[in-house]
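Heads up, target.cif below (mmCIF, C-alpha atoms and all ligand atoms):
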```cif
data_query
#
loop_
_atom_site.group_PDB
_atom_site.id
_atom_site.type_symbol
_atom_site.label_atom_id
_atom_site.label_comp_id
_atom_site.auth_asym_id
_atom_site.auth_seq_id
_atom_site.Cartn_x
_atom_site.Cartn_y
_atom_site.Cartn_z
ATOM 1 C CA MET A 1 131.757 184.862 173.312
ATOM 2 C CA LEU A 2 133.670 186.170 170.343
ATOM 3 C CA ILE A 3 130.849 188.537 169.396
ATOM 4 C CA VAL A 4 130.578 189.896 172.939
ATOM 5 C CA SER A 5 134.295 190.493 173.316
ATOM 6 C CA SER A 6 134.746 191.881 169.777
ATOM 7 C CA SER A 7 132.250 194.656 170.511
ATOM 8 C CA ARG A 8 134.524 195.809 173.338
ATOM 9 C CA LEU A 9 137.728 195.695 171.292
ATOM 10 C CA GLY A 10 139.413 198.453 169.282
ATOM 11 C CA THR A 11 140.358 197.933 165.606
ATOM 12 C CA PHE A 12 143.740 196.437 166.551
ATOM 13 C CA GLY A 13 142.064 194.003 168.949
ATOM 14 C CA LYS A 14 139.593 192.908 166.286
ATOM 15 C CA VAL A 15 142.417 192.252 163.835
ATOM 16 C CA LYS A 16 144.114 190.091 166.491
ATOM 17 C CA VAL A 17 140.916 188.098 167.083
ATOM 18 C CA VAL A 18 140.414 187.482 163.358
ATOM 19 C CA LEU A 19 144.063 186.434 163.004
ATOM 20 C CA SER A 20 143.855 184.009 165.950
ATOM 21 C CA VAL A 21 140.672 182.418 164.586
ATOM 22 C CA PHE A 22 142.369 182.020 161.186
ATOM 23 C CA LEU A 23 145.499 180.446 162.718
ATOM 24 C CA CYS A 24 143.377 178.139 164.866
ATOM 25 C CA PHE A 25 141.492 177.003 161.781
ATOM 26 C CA SER A 26 144.663 176.286 159.783
ATOM 27 C CA ASN A 27 146.183 174.340 162.689
ATOM 28 C CA PHE A 28 142.961 172.376 163.099
ATOM 29 C CA HIS A 29 143.386 171.104 159.553
ATOM 30 C CA LYS A 30 147.031 170.209 160.169
ATOM 31 C CA ILE A 31 146.301 168.501 163.496
ATOM 32 C CA THR A 32 143.375 166.471 162.223
ATOM 33 C CA GLY A 33 145.212 165.516 159.032
ATOM 34 C CA HIS A 34 142.502 167.054 156.888
ATOM 35 C CA THR A 35 145.060 168.824 154.703
ATOM 36 C CA MET A 36 145.215 165.949 152.214
ATOM 37 C CA ASN A 37 141.415 165.706 152.082
ATOM 38 C CA ARG A 38 141.245 169.367 151.168
ATOM 39 C CA LEU A 39 143.441 168.853 148.087
ATOM 40 C CA SER A 40 141.702 169.925 144.921
ATOM 41 C CA GLY A 41 140.961 167.455 142.142
ATOM 42 C CA HIS A 42 143.977 168.824 140.267
ATOM 43 C CA GLU A 43 146.299 168.246 143.202
ATOM 44 C CA ASP A 44 145.013 164.712 143.660
ATOM 45 C CA ALA A 45 145.537 164.066 139.950
ATOM 46 C CA LYS A 46 149.117 165.370 140.117
ATOM 47 C CA ARG A 47 149.844 163.132 143.099
ATOM 48 C CA VAL A 48 148.456 160.023 141.388
ATOM 49 C CA ALA A 49 150.613 160.623 138.299
ATOM 50 C CA ALA A 50 153.751 161.396 140.306
ATOM 51 C CA TYR A 51 153.474 158.390 142.637
ATOM 52 C CA GLN A 52 152.896 156.010 139.745
ATOM 53 C CA ALA A 53 155.877 157.314 137.775
ATOM 54 C CA VAL A 54 158.193 156.912 140.772
ATOM 55 C CA ASP A 55 156.873 153.416 141.530
ATOM 56 C CA ASP A 56 157.344 152.311 137.913
ATOM 57 C CA HIS A 57 160.742 153.819 137.140
ATOM 58 C CA ILE A 58 162.973 154.317 140.158
ATOM 59 C CA LYS A 59 165.599 151.590 140.525
ATOM 60 C CA ASN A 60 168.268 151.065 143.182
ATOM 61 C CA ASN A 61 171.842 152.315 142.641
ATOM 62 C CA THR A 62 170.956 154.878 140.007
ATOM 63 C CA ALA A 63 171.181 158.602 139.422
ATOM 64 C CA VAL A 64 167.955 160.394 138.501
ATOM 65 C CA GLY A 65 167.069 163.878 137.327
ATOM 66 C CA ILE A 66 164.499 165.807 139.341
ATOM 67 C CA GLY A 67 162.400 168.259 137.343
ATOM 68 C CA SER A 68 160.714 171.458 138.489
ATOM 69 C CA GLY A 69 157.200 172.673 139.199
ATOM 70 C CA SER A 70 154.281 171.807 141.432
ATOM 71 C CA THR A 71 153.758 168.208 140.244
ATOM 72 C CA VAL A 72 157.377 167.241 140.874
ATOM 73 C CA ILE A 73 156.873 168.031 144.568
ATOM 74 C CA TYR A 74 154.707 164.887 144.828
ATOM 75 C CA ALA A 75 157.325 162.826 142.975
ATOM 76 C CA VAL A 76 160.030 163.869 145.437
ATOM 77 C CA ASP A 77 157.733 163.055 148.378
ATOM 78 C CA ARG A 78 157.217 159.567 146.976
ATOM 79 C CA LEU A 79 160.891 159.158 146.097
ATOM 80 C CA ALA A 80 161.949 160.030 149.651
ATOM 81 C CA GLU A 81 159.377 157.603 151.052
ATOM 82 C CA LYS A 82 160.611 154.823 148.756
ATOM 83 C CA ILE A 83 164.304 155.479 149.458
ATOM 84 C CA ASN A 84 163.736 155.372 153.218
ATOM 85 C CA LYS A 85 161.470 152.326 153.157
ATOM 86 C CA GLU A 86 163.537 150.247 150.728
ATOM 87 C CA HIS A 87 166.990 151.599 151.740
ATOM 88 C CA LEU A 88 167.761 152.589 148.141
ATOM 89 C CA LYS A 89 170.893 154.373 146.995
ATOM 90 C CA ILE A 90 169.768 157.108 144.612
ATOM 91 C CA VAL A 91 171.639 160.238 143.551
ATOM 92 C CA CYS A 92 169.381 163.156 142.542
ATOM 93 C CA VAL A 93 170.374 165.769 139.971
ATOM 94 C CA ALA A 94 168.457 169.059 140.110
ATOM 95 C CA THR A 95 167.018 171.030 137.193
ATOM 96 C CA SER A 96 166.457 174.318 139.041
ATOM 97 C CA PHE A 97 166.886 176.145 142.334
ATOM 98 C CA GLN A 98 163.455 174.821 143.381
ATOM 99 C CA SER A 99 164.329 171.237 142.583
ATOM 100 C CA ARG A 100 167.658 171.504 144.448
ATOM 101 C CA GLN A 101 165.775 172.782 147.488
ATOM 102 C CA LEU A 102 163.321 169.886 147.245
ATOM 103 C CA ILE A 103 166.193 167.384 147.161
ATOM 104 C CA LEU A 104 167.958 169.018 150.104
ATOM 105 C CA ASN A 105 164.795 169.464 152.184
ATOM 106 C CA HIS A 106 163.993 165.760 151.798
ATOM 107 C CA LYS A 107 167.597 164.928 152.786
ATOM 108 C CA LEU A 108 168.199 163.066 149.523
ATOM 109 C CA THR A 109 171.660 162.676 147.994
ATOM 110 C CA LEU A 110 172.391 165.622 145.721
ATOM 111 C CA GLY A 111 174.603 165.061 142.675
ATOM 112 C CA ASP A 112 175.241 167.019 139.502
ATOM 113 C CA LEU A 113 176.000 166.462 135.842
ATOM 114 C CA GLU A 114 179.719 166.747 136.487
ATOM 115 C CA THR A 115 179.683 163.608 138.636
ATOM 116 C CA HIS A 116 176.631 161.945 137.010
ATOM 117 C CA PRO A 117 176.374 162.820 133.304
ATOM 118 C CA ASP A 118 174.366 159.631 132.568
ATOM 119 C CA LEU A 119 171.030 159.440 134.305
ATOM 120 C CA SER A 120 168.790 156.396 134.552
ATOM 121 C CA CYS A 121 165.705 158.609 134.220
ATOM 122 C CA VAL A 122 164.401 162.150 134.683
ATOM 123 C CA ILE A 123 160.985 162.833 136.211
ATOM 124 C CA ASP A 124 159.561 166.223 135.307
ATOM 125 C CA GLY A 125 156.306 168.128 134.813
ATOM 126 C CA ALA A 126 154.952 169.869 131.702
ATOM 127 C CA ASP A 127 152.630 172.707 130.812
ATOM 128 C CA GLU A 128 151.124 170.881 127.844
ATOM 129 C CA VAL A 129 151.562 167.484 126.168
ATOM 130 C CA ASP A 130 150.209 166.869 122.667
ATOM 131 C CA ASP A 131 149.136 163.549 121.188
ATOM 132 C CA LYS A 132 152.672 162.888 119.836
ATOM 133 C CA LEU A 133 154.143 163.587 123.302
ATOM 134 C CA LEU A 134 155.669 166.906 122.284
ATOM 135 C CA LEU A 135 155.799 169.276 125.228
ATOM 136 C CA ILE A 136 155.594 172.900 126.209
ATOM 137 C CA LYS A 137 157.649 173.534 129.350
ATOM 138 C CA GLY A 138 158.883 176.612 131.152
ATOM 139 C CA GLY A 139 155.599 177.992 132.503
ATOM 140 C CA GLY A 140 157.366 178.285 135.859
ATOM 141 C CA GLY A 141 160.474 179.842 134.315
ATOM 142 C CA CYS A 142 162.562 176.631 134.288
ATOM 143 C CA LEU A 143 163.416 175.172 130.919
ATOM 144 C CA THR A 144 167.109 175.396 130.022
ATOM 145 C CA GLN A 145 168.466 173.348 132.921
ATOM 146 C CA GLU A 146 165.508 170.987 132.501
ATOM 147 C CA LYS A 147 166.368 170.399 128.848
ATOM 148 C CA ILE A 148 170.057 169.863 129.602
ATOM 149 C CA VAL A 149 169.269 167.321 132.328
ATOM 150 C CA ALA A 150 166.655 165.624 130.113
ATOM 151 C CA SER A 151 169.296 165.254 127.399
ATOM 152 C CA CYS A 152 171.358 163.103 129.808
ATOM 153 C CA THR A 153 168.967 160.163 129.817
ATOM 154 C CA SER A 154 167.024 158.053 127.358
ATOM 155 C CA ASN A 155 164.138 157.847 129.829
ATOM 156 C CA VAL A 156 162.337 161.157 130.325
ATOM 157 C CA ILE A 157 159.148 160.637 132.310
ATOM 158 C CA ILE A 158 156.545 163.378 132.408
ATOM 159 C CA ILE A 159 153.943 163.692 135.144
ATOM 160 C CA ALA A 160 150.918 165.946 134.855
ATOM 161 C CA ASP A 161 147.258 166.290 135.638
ATOM 162 C CA HIS A 162 144.705 165.587 132.906
ATOM 163 C CA THR A 163 144.277 169.280 131.968
ATOM 164 C CA LYS A 164 147.740 169.230 130.351
ATOM 165 C CA LEU A 165 146.714 166.692 127.714
ATOM 166 C CA SER A 166 145.761 168.138 124.323
ATOM 167 C CA LYS A 167 145.651 167.204 120.671
ATOM 168 C CA HIS A 168 147.768 170.120 119.462
ATOM 169 C CA LEU A 169 150.177 172.356 121.364
ATOM 170 C CA GLY A 170 148.392 175.558 122.321
ATOM 171 C CA ASP A 171 144.924 173.971 122.546
ATOM 172 C CA ASN A 172 144.920 174.251 126.339
ATOM 173 C CA TYR A 173 148.052 176.149 127.320
ATOM 174 C CA LYS A 174 147.389 179.708 126.172
ATOM 175 C CA ARG A 175 150.381 181.568 127.594
ATOM 176 C CA GLY A 176 152.625 180.773 124.640
ATOM 177 C CA ILE A 177 155.933 178.984 124.258
ATOM 178 C CA PRO A 178 158.499 180.112 126.833
ATOM 179 C CA ILE A 179 161.828 181.131 125.330
ATOM 180 C CA GLU A 180 164.828 181.951 127.536
ATOM 181 C CA VAL A 181 166.910 184.847 126.203
ATOM 182 C CA ILE A 182 170.067 186.715 127.183
ATOM 183 C CA PRO A 183 168.794 190.030 128.670
ATOM 184 C CA LEU A 184 170.625 192.391 126.314
ATOM 185 C CA SER A 185 169.131 190.603 123.312
ATOM 186 C CA TYR A 186 165.467 190.613 124.279
ATOM 187 C CA VAL A 187 164.244 193.414 121.986
ATOM 188 C CA PRO A 188 165.997 192.159 118.798
ATOM 189 C CA VAL A 189 164.917 188.587 119.603
ATOM 190 C CA ILE A 190 161.269 189.673 119.984
ATOM 191 C CA HIS A 191 161.516 191.570 116.716
ATOM 192 C CA LYS A 192 163.044 188.584 114.875
ATOM 193 C CA ILE A 193 160.508 186.067 116.212
ATOM 194 C CA GLU A 194 157.545 188.273 115.307
ATOM 195 C CA THR A 195 158.899 189.077 111.848
ATOM 196 C CA MET A 196 160.023 185.555 110.992
ATOM 197 C CA LEU A 197 157.243 183.484 112.561
ATOM 198 C CA GLY A 198 154.435 185.907 113.448
ATOM 199 C CA GLY A 199 152.461 186.191 116.668
ATOM 200 C CA LYS A 200 153.601 188.155 119.709
ATOM 201 C CA ALA A 201 156.511 187.419 122.051
ATOM 202 C CA PRO A 202 156.267 189.680 125.105
ATOM 203 C CA VAL A 203 158.842 189.508 127.869
ATOM 204 C CA ARG A 204 157.403 187.818 130.964
ATOM 205 C CA MET A 205 156.946 190.303 133.775
ATOM 206 C CA ALA A 206 157.392 189.357 137.432
ATOM 207 C CA LYS A 207 154.418 189.398 139.805
ATOM 208 C CA SER A 208 156.146 190.266 143.103
ATOM 209 C CA LYS A 209 159.064 192.248 141.709
ATOM 210 C CA ALA A 210 159.290 195.281 139.485
ATOM 211 C CA GLY A 211 160.453 194.349 135.993
ATOM 212 C CA PRO A 212 160.884 191.029 134.206
ATOM 213 C CA VAL A 213 161.072 187.482 135.509
ATOM 214 C CA VAL A 214 164.754 186.534 135.854
ATOM 215 C CA THR A 215 165.539 182.825 135.418
ATOM 216 C CA ASP A 216 167.869 180.696 137.547
ATOM 217 C CA ASN A 217 170.474 181.446 134.861
ATOM 218 C CA GLY A 218 170.042 185.231 135.088
ATOM 219 C CA ASN A 219 168.118 185.498 131.810
ATOM 220 C CA PHE A 220 164.679 186.735 130.663
ATOM 221 C CA ILE A 221 161.738 184.701 129.376
ATOM 222 C CA LEU A 222 159.649 185.560 126.324
ATOM 223 C CA ASP A 223 156.228 183.900 125.992
ATOM 224 C CA TRP A 224 155.714 183.458 122.271
ATOM 225 C CA GLN A 225 152.009 183.475 121.454
ATOM 226 C CA PHE A 226 152.342 181.810 118.083
ATOM 227 C CA PRO A 227 149.837 182.269 115.243
ATOM 228 C CA PRO A 228 147.151 179.540 115.415
ATOM 229 C CA ASP A 229 147.787 178.319 111.848
ATOM 230 C CA ILE A 230 151.540 177.841 112.299
ATOM 231 C CA GLN A 231 151.196 174.116 112.993
ATOM 232 C CA SER A 232 149.637 173.511 109.594
ATOM 233 C CA GLN A 233 152.537 175.318 107.860
ATOM 234 C CA GLN A 234 155.630 173.789 109.469
ATOM 235 C CA SER A 235 156.675 171.180 112.015
ATOM 236 C CA TRP A 236 157.516 172.038 115.601
ATOM 237 C CA GLU A 237 160.987 170.674 114.910
ATOM 238 C CA ALA A 238 161.491 173.232 112.119
ATOM 239 C CA ILE A 239 160.034 176.027 114.270
ATOM 240 C CA ASN A 240 162.259 175.107 117.209
ATOM 241 C CA SER A 241 165.296 175.062 114.985
ATOM 242 C CA LYS A 242 164.503 178.592 113.710
ATOM 243 C CA LEU A 243 164.026 179.857 117.247
ATOM 244 C CA ILE A 244 167.236 178.473 118.709
ATOM 245 C CA HIS A 245 169.283 179.886 115.845
ATOM 246 C CA ILE A 246 168.304 183.451 116.705
ATOM 247 C CA PRO A 247 171.326 185.062 118.437
ATOM 248 C CA GLY A 248 170.415 185.669 122.072
ATOM 249 C CA VAL A 249 168.035 182.727 122.405
ATOM 250 C CA VAL A 250 169.389 180.349 125.038
ATOM 251 C CA GLU A 251 166.730 177.642 124.841
ATOM 252 C CA THR A 252 163.046 177.096 124.110
ATOM 253 C CA GLY A 253 160.327 175.378 126.115
ATOM 254 C CA LEU A 254 159.552 173.102 123.160
ATOM 255 C CA PHE A 255 160.616 169.566 124.099
ATOM 256 C CA ILE A 256 160.532 167.555 120.893
ATOM 257 C CA ASN A 257 161.111 163.804 120.722
ATOM 258 C CA MET A 258 162.579 163.799 124.211
ATOM 259 C CA VAL A 259 159.912 161.921 126.142
ATOM 260 C CA SER A 260 159.614 158.179 126.864
ATOM 261 C CA HIS A 261 156.584 158.070 129.158
ATOM 262 C CA VAL A 262 153.836 160.410 130.288
ATOM 263 C CA TYR A 263 151.606 159.797 133.299
ATOM 264 C CA PHE A 264 148.424 161.850 133.529
ATOM 265 C CA GLY A 265 146.438 161.878 136.754
ATOM 266 C CA MET A 266 142.741 161.655 135.862
ATOM 267 C CA PRO A 267 139.792 163.320 137.638
ATOM 268 C CA ASP A 268 138.454 159.968 138.903
ATOM 269 C CA GLY A 269 141.715 159.069 140.691
ATOM 270 C CA THR A 270 143.031 156.756 137.960
ATOM 271 C CA PHE A 271 146.002 157.464 135.744
ATOM 272 C CA LEU A 272 146.593 157.424 132.017
ATOM 273 C CA HIS A 273 149.988 156.120 130.929
ATOM 274 C CA LYS A 274 151.350 156.943 127.485
ATOM 275 C CA ASP A 275 154.463 155.170 126.274
ATOM 276 C CA VAL A 276 156.186 156.723 123.273
ATOM 277 C CA ARG A 277 156.804 153.240 121.831
ATOM 278 C CA ASN A 278 153.074 152.699 121.651
ATOM 279 C CA LEU A 279 151.109 155.871 121.417
ATOM 280 C CA ASN A 280 147.809 154.125 122.089
ATOM 281 C CA PRO A 281 146.981 155.112 125.654
ATOM 282 C CA HIS A 282 146.459 152.510 128.354
ATOM 283 C CA LEU A 283 144.181 153.293 131.229
ATOM 284 C CA GLN A 284 145.988 151.397 133.942
ATOM 285 C CA GLY A 285 143.976 151.553 137.103
ATOM 286 C CA SER A 286 143.646 153.509 140.265
ATOM 287 C CA LYS A 287 146.776 152.977 142.301
ATOM 288 C CA THR A 288 146.672 156.180 144.271
ATOM 289 C CA ALA A 289 148.823 154.729 147.112
HETATM 290 O O1 LIG B 1 159.032 176.021 134.344
HETATM 291 C C1 LIG B 1 158.577 175.064 134.883
HETATM 292 C C2 LIG B 1 158.658 173.672 134.432
HETATM 293 O O2 LIG B 1 158.868 173.479 133.082
HETATM 294 C C3 LIG B 1 157.501 172.840 134.967
HETATM 295 O O3 LIG B 1 157.873 171.493 134.880
HETATM 296 C C4 LIG B 1 156.178 173.061 134.202
HETATM 297 O O4 LIG B 1 155.846 174.422 134.214
HETATM 298 C C5 LIG B 1 155.035 172.256 134.839
HETATM 299 O O5 LIG B 1 154.815 172.692 136.130
HETATM 300 P P1 LIG B 1 153.595 172.192 137.026
HETATM 301 O O6 LIG B 1 153.843 170.772 137.365
HETATM 302 O O7 LIG B 1 153.609 173.116 138.208
HETATM 303 O O8 LIG B 1 152.346 172.406 136.203
#
```

For the structure just supplied, provide its representation as structure tokens.
Amino acid sequence: MLIVSSSRLGTFGKVKVVLSVFLCFSNFHKITGHTMNRLSGHEDAKRVAAYQAVDDHIKNNTAVGIGSGSTVIYAVDRLAEKINKEHLKIVCVATSFQSRQLILNHKLTLGDLETHPDLSCVIDGADEVDDKLLLIKGGGGCLTQEKIVASCTSNVIIIADHTKLSKHLGDNYKRGIPIEVIPLSYVPVIHKIETMLGGKAPVRMAKSKAGPVVTDNGNFILDWQFPPDIQSQQSWEAINSKLIHIPGVVETGLFINMVSHVYFGMPDGTFLHKDVRNLNPHLQGSKTA
């Protein structure tokens, strides 16, 4: 029937038919609940990690930090489910515009660091985690508020899919270390990073806007593609210290000695839990909930 009628339609009519078929197909997936089944392996892995972290660490009558990124979305889903089911009283502190929206959209209680400067835990994502649990963060442009919020707890919990796990920083995440800078300083900061530490530190350009990415704080992001041998010459702590002392640098996406636990969702639906107190990993099962 479609073929017969499409031959009698003009271009505009054909576009309408194609659009209706597309909308029908998307609604079919929503109606039949197939949306979850269509999740990719990566999405499933993110969900497994996020659910497990929430189940293990969220306690009643606490304030928690909510990180940013695509994995945190699953954590907030689980948190909302848990709060409603168990009638918990939890105050959520955001680390970005996105995370604030997530909290508000789930009708959770929004707090801030002014009212809740001590957090029971922070659940956040990462772009890469090395075998000492050092992190690269900021791939989505959020890092300064994340680091401030993370500094307000002794329990930073990272959730990620298995592709984020690597031996050394930069093994898997190739975009470089994000560095937030005050806009007027970006050229001298690039020059200083490249002269002092080597590599390249281009300003991150926006995809759907002319010009650079602008952070939630009104700043620019540099992605420092560091020289491969830098890790054999100096520690990440020393490198981070050099970077943050450059005038104009607001913060870096290097999170050093800040993490307590990391949960990786694995391709087979299990999760890998790493506890900083015992860096031998424990494969803990397949609670996908
Ligand atoms: O800038 C973004 C944040 O640091 C994210 O937590 C990080 O990029 C990981 O995001 P995702 O969970 O989407 O991989």

(Q) Could you list, as a PyMOL selection string, every residue matched by the PyMOL selection byres (((not hetatm)) within 7 of (chain B and resi 1)) in this structure? (A) chain A and resi 67-72+124-127+137-143+160

Can you write out the residues you just picked, keeping C-alpha atoms, as a PDB file, in the frame of the given file?
```
ATOM      1  CA  GLY A  67     162.400 168.259 137.343  1.00  0.00           C
ATOM      2  CA  SER A  68     160.714 171.458 138.489  1.00  0.00           C
ATOM      3  CA  GLY A  69     157.200 172.673 139.199  1.00  0.00           C
ATOM      4  CA  SER A  70     154.281 171.807 141.432  1.00  0.00           C
ATOM      5  CA  THR A  71     153.758 168.208 140.244  1.00  0.00           C
ATOM      6  CA  VAL A  72     157.377 167.241 140.874  1.00  0.00           C
ATOM      7  CA  ASP A 124     159.561 166.223 135.307  1.00  0.00           C
ATOM      8  CA  GLY A 125     156.306 168.128 134.813  1.00  0.00           C
ATOM      9  CA  ALA A 126     154.952 169.869 131.702  1.00  0.00           C
ATOM     10  CA  ASP A 127     152.630 172.707 130.812  1.00  0.00           C
ATOM     11  CA  LYS A 137     157.649 173.534 129.350  1.00  0.00           C
ATOM     12  CA  GLY A 138     158.883 176.612 131.152  1.00  0.00           C
ATOM     13  CA  GLY A 139     155.599 177.992 132.503  1.00  0.00           C
ATOM     14  CA  GLY A 140     157.366 178.285 135.859  1.00  0.00           C
ATOM     15  CA  GLY A 141     160.474 179.842 134.315  1.00  0.00           C
ATOM     16  CA  CYS A 142     162.562 176.631 134.288  1.00  0.00           C
ATOM     17  CA  LEU A 143     163.416 175.172 130.919  1.00  0.00           C
ATOM     18  CA  ALA A 160     150.918 165.946 134.855  1.00  0.00           C
TER      19      ALA A 160
END
```

Q.
What's the separation between atom CA of Thr62 of chain A and atom CA of Val91 of chain A, in Å to one decimal place?
A. 6.5 Å

Q) For the file shown, what are the residues hit by the PyMOL selection byres (((chain A and resi 98) around 10) and not hetatm), laid out as an MDAnalysis selection string? A) chainID A and resid 66:70 73 94:97 99:104 142 216

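Considering the residues A:Ile123, A:Val249, A:Val64, A:Ile148 and counting only C-alpha atoms, Gly111 of chain A has its shortest atom-to-atom contact with A:Val64.
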
(Q) Taking 5 positions as the minimum chain separation for residues in the same chain, which residues sit within 6 Å of Lys200 of chain A when counting only C-alpha atoms? Answer as a ChimeraX atom specification. (A) /A:194,224-225

Q.
Please return as a list of chain:residue names every residue within 12 Å of (155.1, 158.9, 150.5), taking into account all atoms listed in the file and the file's own coordinates.
A. A:Arg47, A:Val48, A:Ala50, A:Tyr51, A:Gln52, A:Val54, A:Asp55, A:Ile73, A:Tyr74, A:Ala75, A:Val76, A:Asp77, A:Arg78, A:Leu79, A:Ala80, A:Glu81, A:Lys82, A:Ile83, A:Asn84, A:Lys85, A:His106, A:Thr288, A:Ala289

Save out the residues we just selected, C-alpha atoms, as an mmCIF file, in the frame of the given file.
```
data_model
loop_
_atom_site.group_PDB
_atom_site.id
_atom_site.type_symbol
_atom_site.label_atom_id
_atom_site.label_comp_id
_atom_site.auth_asym_id
_atom_site.auth_seq_id
_atom_site.Cartn_x
_atom_site.Cartn_y
_atom_site.Cartn_z
ATOM 1 C CA ARG A 47 149.844 163.132 143.099
ATOM 2 C CA VAL A 48 148.456 160.023 141.388
ATOM 3 C CA ALA A 50 153.751 161.396 140.306
ATOM 4 C CA TYR A 51 153.474 158.390 142.637
ATOM 5 C CA GLN A 52 152.896 156.010 139.745
ATOM 6 C CA VAL A 54 158.193 156.912 140.772
ATOM 7 C CA ASP A 55 156.873 153.416 141.530
ATOM 8 C CA ILE A 73 156.873 168.031 144.568
ATOM 9 C CA TYR A 74 154.707 164.887 144.828
ATOM 10 C CA ALA A 75 157.325 162.826 142.975
ATOM 11 C CA VAL A 76 160.030 163.869 145.437
ATOM 12 C CA ASP A 77 157.733 163.055 148.378
ATOM 13 C CA ARG A 78 157.217 159.567 146.976
ATOM 14 C CA LEU A 79 160.891 159.158 146.097
ATOM 15 C CA ALA A 80 161.949 160.030 149.651
ATOM 16 C CA GLU A 81 159.377 157.603 151.052
ATOM 17 C CA LYS A 82 160.611 154.823 148.756
ATOM 18 C CA ILE A 83 164.304 155.479 149.458
ATOM 19 C CA ASN A 84 163.736 155.372 153.218
ATOM 20 C CA LYS A 85 161.470 152.326 153.157
ATOM 21 C CA HIS A 106 163.993 165.760 151.798
ATOM 22 C CA THR A 288 146.672 156.180 144.271
ATOM 23 C CA ALA A 289 148.823 154.729 147.112
#
```

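Going from atom CA of Tyr263 of chain A to atom CA of Ile159 of chain A covers 4.9 Å.
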
Q | atom CA of Cys92 of chain A to atom CA of Leu133 of chain A, straight-line distance in Å | A | 24.5 Å

(Q) Translate the PyMOL selection byres (((chain A and resi 120) around 8) and not hetatm) into a concrete residue list for this structure, as a PyMOL selection string. (A) chain A and resi 62-64+118-119+121-122+153-155

Export C-alpha atoms of the chosen residues as a short mmCIF file (atom, residue, chain, number, x, y, z; two decimals), keeping the file's coordinate frame?
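Output below, filename again_16.cif:
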```
data_model
loop_
_atom_site.label_atom_id
_atom_site.label_comp_id
_atom_site.auth_asym_id
_atom_site.auth_seq_id
_atom_site.Cartn_x
_atom_site.Cartn_y
_atom_site.Cartn_z
CA THR A 62 170.96 154.88 140.01
CA ALA A 63 171.18 158.60 139.42
CA VAL A 64 167.96 160.39 138.50
CA ASP A 118 174.37 159.63 132.57
CA LEU A 119 171.03 159.44 134.30
CA CYS A 121 165.70 158.61 134.22
CA VAL A 122 164.40 162.15 134.68
CA THR A 153 168.97 160.16 129.82
CA SER A 154 167.02 158.05 127.36
CA ASN A 155 164.14 157.85 129.83
#
```

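With distances taken over all atoms listed in the file, A:Asp131 is the one residue among A:Asp131, A:Asp161, A:Asp223, A:Asp112 lying closest to Val276 of chain A.
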
List every protein, DNA or RNA residue that has at least one atom no more than 9 Å from (163.3, 166.6, 123.8) in the file's coordinates, counting only C-alpha atoms, and write the result as a compact mmCIF listing (two decimals) with C-alpha atoms, in the coordinates of the input.
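The resulting file, out_16.txt, is shown below:
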```txt
# COMPACT_ATOMS: atom_id res chain seq x y z
CA LEU A 134 155.67 166.91 122.28
CA LEU A 135 155.80 169.28 125.23
CA LYS A 147 166.37 170.40 128.85
CA ALA A 150 166.66 165.62 130.11
CA SER A 151 169.30 165.25 127.40
CA VAL A 156 162.34 161.16 130.32
CA LEU A 254 159.55 173.10 123.16
CA PHE A 255 160.62 169.57 124.10
CA ILE A 256 160.53 167.56 120.89
CA ASN A 257 161.11 163.80 120.72
CA MET A 258 162.58 163.80 124.21
CA VAL A 259 159.91 161.92 126.14
```

Q: Would you please work out which residue, of A:Ile158, A:Met205, A:Ile246, A:Leu169, is nearest to Pro188 of chain A when using only C-alpha atoms?
A: A:Ile246

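Nearest to Ala49 of chain A of all the residues A:Ile157, A:Leu184, A:Ile179, A:Cys152 is A:Ile157, counting all atoms listed in the file.
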
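Minimum distance to Val214 of chain A across A:Met196, A:Ile182, A:Ile230, A:Leu272 (counting only C-alpha atoms) occurs at A:Ile182.
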
Put the listed atoms of segment 224-229 of chain A in a box along x, y and z with 8 Å added on every side and give me the centre and edge lengths in Å to one decimal, as AutoDock Vina command-line options.
```
--center_x 151.4 --center_y 180.9 --center_z 117.1 --size_x 24.6 --size_y 21.2 --size_z 26.4
```

Q | Residue with smallest distance to Phe264 of chain A - pool A:His162, A:Lys132, A:His57, A:Lys174, counting only C-alpha atoms | A | A:His162

Q: Tell me which protein, DNA and RNA residues are within 9 Å of Lys59 of chain A, counting all atoms listed in the file, leaving out same-chain ones fewer than 6 positions away, and put them as a count of residues only.
A: 4

Would you kindly place N, CA and C atoms on segment 49-54 of chain A and return the model as a CSV table (one decimal), in the frame of the given file?
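Output contents, as saved in rebuild_21.csv:
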```
chain,number,residue,atom,x,y,z
A,49,ALA,N,149.7,160.8,139.4
A,49,ALA,CA,150.6,160.6,138.3
A,49,ALA,C,152.0,160.5,138.8
A,50,ALA,N,152.4,161.4,139.8
A,50,ALA,CA,153.8,161.4,140.3
A,50,ALA,C,154.1,160.1,141.0
A,51,TYR,N,153.2,159.6,141.9
A,51,TYR,CA,153.5,158.4,142.6
A,51,TYR,C,153.7,157.2,141.7
A,52,GLN,N,152.8,157.1,140.7
A,52,GLN,CA,152.9,156.0,139.7
A,52,GLN,C,154.2,156.0,139.0
A,53,ALA,N,154.6,157.2,138.5
A,53,ALA,CA,155.9,157.3,137.8
A,53,ALA,C,157.1,156.9,138.6
A,54,VAL,N,157.1,157.3,139.9
A,54,VAL,CA,158.2,156.9,140.8
A,54,VAL,C,158.2,155.4,141.0
```
